[in-house]
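Structure below is my_file-v6.txt: compact mmCIF, C-alpha atoms and all ligand atoms.
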```txt
# COMPACT_ATOMS: atom_id res chain seq x y z
CA MET A 1 -12.91 -9.28 -18.78
CA ALA A 2 -14.84 -9.35 -15.54
CA VAL A 3 -15.77 -6.00 -14.13
CA ARG A 4 -17.38 -6.61 -10.75
CA PRO A 5 -19.68 -4.27 -8.81
CA ILE A 6 -17.86 -2.07 -6.30
CA ILE A 7 -19.04 -2.35 -2.69
CA THR A 8 -19.69 1.06 -1.13
CA TYR A 9 -19.70 2.53 2.38
CA PRO A 10 -21.26 1.74 4.84
CA ASP A 11 -21.46 -1.90 3.69
CA PRO A 12 -20.05 -4.06 6.55
CA ILE A 13 -18.00 -6.10 4.03
CA LEU A 14 -15.60 -3.14 3.98
CA ARG A 15 -15.07 -3.46 7.76
CA ARG A 16 -13.90 -7.08 7.93
CA THR A 17 -10.31 -8.15 8.46
CA CYS A 18 -9.20 -10.04 5.37
CA ALA A 19 -7.81 -13.58 5.38
CA PRO A 20 -4.25 -14.17 4.13
CA ILE A 21 -3.87 -16.07 0.84
CA ASP A 22 -2.16 -19.46 1.20
CA ASP A 23 -1.51 -20.25 -2.46
CA PRO A 24 -1.12 -17.22 -4.77
CA THR A 25 -0.79 -19.54 -7.79
CA ALA A 26 -4.26 -21.06 -7.27
CA ASP A 27 -6.73 -20.48 -10.12
CA ASP A 28 -9.21 -18.60 -7.94
CA VAL A 29 -6.49 -16.14 -6.84
CA GLN A 30 -5.31 -15.58 -10.44
CA GLN A 31 -8.93 -14.95 -11.44
CA LEU A 32 -9.46 -12.62 -8.48
CA ALA A 33 -6.38 -10.58 -9.49
CA ARG A 34 -7.72 -10.27 -13.06
CA ASP A 35 -11.16 -9.21 -11.83
CA LEU A 36 -9.61 -6.62 -9.50
CA ALA A 37 -7.53 -5.19 -12.35
CA ASP A 38 -10.47 -5.13 -14.79
CA THR A 39 -12.67 -3.42 -12.20
CA MET A 40 -9.97 -0.87 -11.27
CA TYR A 41 -9.29 0.10 -14.91
CA ASP A 42 -13.01 0.30 -15.66
CA ALA A 43 -13.80 2.50 -12.63
CA PRO A 44 -11.31 4.16 -13.38
CA GLY A 45 -9.03 4.11 -10.35
CA VAL A 46 -5.39 3.80 -9.32
CA GLY A 47 -5.88 1.07 -6.72
CA LEU A 48 -8.41 -1.54 -5.61
CA ALA A 49 -8.50 -3.96 -2.68
CA ALA A 50 -10.37 -7.29 -2.71
CA PRO A 51 -13.04 -6.32 -0.12
CA GLN A 52 -14.11 -3.55 -2.51
CA ILE A 53 -15.44 -6.25 -4.82
CA GLY A 54 -16.84 -8.25 -1.91
CA VAL A 55 -13.95 -10.67 -1.28
CA ASN A 56 -12.32 -10.56 2.17
CA ARG A 57 -8.88 -11.85 1.14
CA CYS A 58 -5.50 -10.11 1.31
CA ILE A 59 -4.91 -8.92 -2.24
CA VAL A 60 -4.63 -5.45 -3.76
CA VAL A 61 -3.97 -4.15 -7.26
CA THR A 62 -2.51 -0.74 -8.08
CA ASP A 63 -1.53 1.21 -11.16
CA THR A 64 -0.59 4.77 -10.30
CA ALA A 65 0.77 5.62 -13.76
CA TRP A 66 -1.71 4.51 -16.41
CA ARG A 67 -3.94 7.59 -16.41
CA ASP A 68 -1.03 9.90 -17.22
CA GLU A 69 -0.92 11.15 -20.81
CA GLY A 70 0.68 8.54 -23.04
CA ALA A 71 1.63 6.25 -20.16
CA ALA A 72 1.44 2.48 -20.50
CA ARG A 73 -0.28 0.32 -17.93
CA ASP A 74 1.89 -0.62 -14.97
CA LEU A 75 -0.16 -3.12 -12.99
CA HIS A 76 1.09 -4.28 -9.60
CA VAL A 77 -0.48 -7.12 -7.62
CA TRP A 78 0.20 -7.21 -3.87
CA ILE A 79 -0.64 -10.38 -1.97
CA ASN A 80 -0.49 -10.57 1.86
CA PRO A 81 1.21 -7.15 2.02
CA GLU A 82 2.74 -5.97 5.30
CA ILE A 83 4.17 -2.54 6.04
CA ILE A 84 7.36 -3.42 7.91
CA TRP A 85 8.64 0.14 8.38
CA HIS A 86 7.46 3.73 7.94
CA ASN A 87 9.09 7.08 8.59
CA ASP A 88 7.88 9.62 11.16
CA GLU A 89 7.18 12.41 8.69
CA LEU A 90 3.45 12.81 8.09
CA LYS A 91 2.17 14.65 5.04
CA PRO A 92 -1.42 15.56 4.18
CA PHE A 93 -2.79 14.37 0.85
CA GLU A 94 -6.32 14.64 -0.55
CA GLU A 95 -7.62 11.09 -0.82
CA GLY A 96 -10.68 9.53 -2.35
CA CYS A 97 -11.91 5.95 -2.57
CA LEU A 98 -13.95 4.04 -5.16
CA SER A 99 -16.03 2.69 -2.23
CA ILE A 100 -16.81 6.23 -1.03
CA PRO A 101 -17.86 7.99 -4.24
CA ASP A 102 -17.57 11.77 -4.69
CA THR A 103 -15.85 12.23 -1.32
CA PHE A 104 -12.39 13.72 -1.04
CA HIS A 105 -10.60 14.71 2.16
CA GLU A 106 -7.09 15.46 3.24
CA VAL A 107 -5.55 12.83 5.50
CA SER A 108 -2.01 12.58 6.84
CA ARG A 109 0.16 9.50 6.46
CA PRO A 110 3.86 8.67 6.63
CA THR A 111 5.66 9.77 3.44
CA ALA A 112 7.90 6.69 3.15
CA ILE A 113 7.25 3.00 3.80
CA LYS A 114 8.98 -0.32 3.43
CA LEU A 115 6.87 -3.36 2.73
CA ARG A 116 6.90 -7.08 2.17
CA TRP A 117 4.48 -8.91 -0.12
CA ILE A 118 4.02 -11.97 -2.32
CA ASP A 119 3.38 -11.91 -6.08
CA LEU A 120 1.13 -14.07 -8.27
CA GLN A 121 3.95 -16.58 -8.78
CA GLY A 122 4.28 -17.02 -5.00
CA ASP A 123 7.63 -15.17 -4.75
CA SER A 124 8.14 -12.82 -1.82
CA HIS A 125 9.53 -9.30 -2.16
CA GLU A 126 10.60 -6.35 -0.02
CA ALA A 127 10.87 -2.77 -1.26
CA GLY A 128 10.60 0.85 -0.17
CA TYR A 129 8.19 3.43 -1.59
CA GLU A 130 7.57 7.12 -1.15
CA GLY A 131 5.32 9.85 -2.52
CA LEU A 132 2.08 8.95 -4.29
CA MET A 133 2.90 5.25 -4.30
CA ALA A 134 3.43 5.23 -0.50
CA THR A 135 0.11 7.05 0.01
CA ALA A 136 -1.79 4.76 -2.39
CA LEU A 137 -0.35 1.59 -0.86
CA GLN A 138 -1.17 2.61 2.70
CA HIS A 139 -4.72 3.48 1.63
CA GLU A 140 -5.20 0.13 -0.13
CA PHE A 141 -3.59 -1.99 2.59
CA ASP A 142 -5.86 -0.34 5.18
CA HIS A 143 -8.80 -1.86 3.27
CA LEU A 144 -7.45 -5.33 4.13
CA GLN A 145 -7.76 -4.45 7.83
CA GLY A 146 -11.27 -3.07 7.40
CA ARG A 147 -10.02 0.53 7.66
CA LEU A 148 -11.10 3.40 5.40
CA PHE A 149 -9.43 6.75 4.80
CA ILE A 150 -12.33 8.58 6.46
CA ASP A 151 -11.36 6.82 9.72
CA LEU A 152 -8.25 9.02 9.71
CA LEU A 153 -10.19 12.31 9.80
CA LYS A 154 -10.33 14.29 13.04
CA PRO A 155 -13.20 13.07 15.29
CA MET A 156 -15.65 15.90 14.71
CA LYS A 157 -15.17 15.99 10.95
CA GLN A 158 -15.26 12.20 10.84
CA ARG A 159 -18.67 12.11 12.53
CA LEU A 160 -20.08 14.68 10.11
CA VAL A 161 -18.71 12.96 7.03
CA LYS A 162 -19.89 9.49 8.10
CA ARG A 163 -23.35 10.75 9.04
CA ARG A 164 -23.70 12.44 5.66
CA LEU A 165 -22.53 9.33 3.79
CA LYS A 166 -24.91 7.02 5.68
CA LYS A 167 -27.80 9.37 5.06
CA ARG A 168 -26.94 9.45 1.36
CA ALA A 169 -26.82 5.65 1.30
CA GLY A 170 -30.27 5.52 2.89
CA TRP A 171 -29.12 4.21 6.28
CA LYS A 172 -31.21 5.25 9.23
CA ARG A 173 -28.33 5.88 11.69
NI NI D 1 -10.14 2.92 -1.08
```
Will you turn the file into structure tokens for me?
Ligand code: NI
Amino acid sequence: MAVRPIITYPDPILRRTCAPIDDPTADDVQQLARDLADTMYDAPGVGLAAPQIGVNRCIVVTDTAWRDEGAARDLHVWINPEIIWHNDELKPFEEGCLSIPDTFHEVSRPTAIKLRWIDLQGDSHEAGYEGLMATALQHEFDHLQGRLFIDLLKPMKQRLVKRRLKKRAGWKR
């Protein structure tokens, strides 16, 4: 069990583009996946991307079911994920992020996506998702590009929210 500290906004680690993983079966990648899962369940959260624990590599874990009453854990590990299609229907959803504590805002994203990724055995997959899973995956994959959900707010609101967060974090500007 290795729960790692969660990096919070406006730490520049969250803004870097992550490097793809060459060998998903490597020990350090297996360990990273375990640490991500342990940290996500401990938080608790439904998704966590590697930069959130300070590692700029393309890997995300999600479990959108486990907090439901009586539900078992349903851990998914997504390595080098790519969204290869999305629909044109945008729907607002109130999002939050473990790296931006106590902050919830509605943002609009496509309601259906198709993606390609690699698993911990090195096998590649393609599948479509909609609803909460589509929202959660888009949010997490944005982290791998250095993007945060608050970047999707309208400009004026975005400025206000970011200024408030930086002030709270003790940043001068
Ligand atoms: Ni997040």
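The residues sitting within 9 Å of ligand NI 1 (chain D), with all atoms listed in the file considered, come out as Gly47, Leu48, Ala49, Gln52, Glu95, Gly96, Cys97, Leu98, Ser99, Ile100, Ala136, His139, Glu140, Phe141, Asp142, His143, Leu148 and Phe149 of chain A.
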Given only C-alpha atoms as the counted atoms, nearest of A:Val107, A:Ala37, A:Ile84, A:Ile7 to Lys157 in chain A: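 Of all the options, A:Val107 lies closest to Lys157 in chain A.
As for CA of Thr8 in chain A and CA of Arg168 in chain A, they are spaced 11.4 Å apart.
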A:Ile79, A:Cys58, A:Ile118, A:Val3 ranked by distance to Thr17 in chain A, top pick (using only C-alpha atoms): A:Cys58
Selected residue of minimal separation from Arg116 in chain A among A:Asn80, A:Thr39, A:Thr62, A:Gln138, counting all atoms listed in the file: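 The answer is A:Asn80, which sits nearest to Arg116 in chain A.
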For Trp171 in chain A, please output as a PDB file with C-alpha atoms, in the frame of the given file all residues within 12 Å (counting all atoms listed in the file; exclusion window: fewer than 6 positions along the same chain).
```pdb
ATOM      1  CA  TYR A   9     -19.700   2.530   2.380  1.00  0.00           C
ATOM      2  CA  PRO A  10     -21.260   1.740   4.840  1.00  0.00           C
ATOM      3  CA  ASP A  11     -21.460  -1.900   3.690  1.00  0.00           C
ATOM      4  CA  LYS A 162     -19.890   9.490   8.100  1.00  0.00           C
ATOM      5  CA  ARG A 163     -23.350  10.750   9.040  1.00  0.00           C
ATOM      6  CA  ARG A 164     -23.700  12.440   5.660  1.00  0.00           C
ATOM      7  CA  LEU A 165     -22.530   9.330   3.790  1.00  0.00           C
TER       8      LEU A 165
END
```
Best match for closeness to Asp151 in chain A among A:Glu126, A:Asp27, A:Glu106, A:Asp88, counting all atoms listed in the file: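 So, comparing all the options, the nearest one is A:Glu106.
Relative to CA of Glu89 in chain A, CA of Thr135 in chain A is found at 12.4 Å.
For the pair CA of Ala43 in chain A and CA of Pro155 in chain A, the separation is 29.9 Å.
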Of the listed residues A:Phe104, A:Asp123, A:Val61, A:Leu137, that which approaches Leu153 in chain A most closely, counting only C-alpha atoms: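 For Leu153 in chain A, the nearest of the candidates is A:Phe104.
If only C-alpha atoms are the atoms counted, then among A:Val29, A:Ile53, A:Leu36, A:Ala19 the closest residue to Ile6 in chain A is A:Ile53.
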As JSON, what would the box around range 138-144 of chain A look like: edges along x, y and z, 4 Å added on every side, centre and edge lengths in Å to one decimal?
```
{"center_x": -5.0, "center_y": -0.9, "center_z": 2.5, "size_x": 15.6, "size_y": 16.8, "size_z": 13.3}
```
Tell me which residues come within 10 Å of (-5.5, -13.4, -3.7), as a tab-separated table (two decimals) with C-alpha atoms, in the frame of the given file, counting only C-alpha atoms in the file's coordinates.
```tsv
chain	number	residue	atom	x	y	z
A	19	ALA	CA	-7.81	-13.58	5.38
A	20	PRO	CA	-4.25	-14.17	4.13
A	21	ILE	CA	-3.87	-16.07	0.84
A	22	ASP	CA	-2.16	-19.46	1.20
A	23	ASP	CA	-1.51	-20.25	-2.46
A	24	PRO	CA	-1.12	-17.22	-4.77
A	25	THR	CA	-0.79	-19.54	-7.79
A	26	ALA	CA	-4.26	-21.06	-7.27
A	27	ASP	CA	-6.73	-20.48	-10.12
A	28	ASP	CA	-9.21	-18.60	-7.94
A	29	VAL	CA	-6.49	-16.14	-6.84
A	30	GLN	CA	-5.31	-15.58	-10.44
A	31	GLN	CA	-8.93	-14.95	-11.44
A	32	LEU	CA	-9.46	-12.62	-8.48
A	33	ALA	CA	-6.38	-10.58	-9.49
A	36	LEU	CA	-9.61	-6.62	-9.50
A	49	ALA	CA	-8.50	-3.96	-2.68
A	50	ALA	CA	-10.37	-7.29	-2.71
A	55	VAL	CA	-13.95	-10.67	-1.28
A	56	ASN	CA	-12.32	-10.56	2.17
A	57	ARG	CA	-8.88	-11.85	1.14
A	58	CYS	CA	-5.50	-10.11	1.31
A	59	ILE	CA	-4.91	-8.92	-2.24
A	60	VAL	CA	-4.63	-5.45	-3.76
A	77	VAL	CA	-0.48	-7.12	-7.62
A	78	TRP	CA	0.20	-7.21	-3.87
A	79	ILE	CA	-0.64	-10.38	-1.97
A	80	ASN	CA	-0.49	-10.57	1.86
A	118	ILE	CA	4.02	-11.97	-2.32
A	119	ASP	CA	3.38	-11.91	-6.08
A	120	LEU	CA	1.13	-14.07	-8.27
```
Point (-1.6, 5.9, -13.1), cut-off 10 Å, counting all atoms listed in the file, residues as a list of chain:residue names: A:Tyr41, A:Pro44, A:Gly45, A:Val46, A:Gly47, A:Thr62, A:Asp63, A:Thr64, A:Ala65, A:Trp66, A:Arg67, A:Asp68, A:Glu69, A:Ala71, A:Ala72, A:Arg73, A:Asp74, A:Leu75, A:Met133
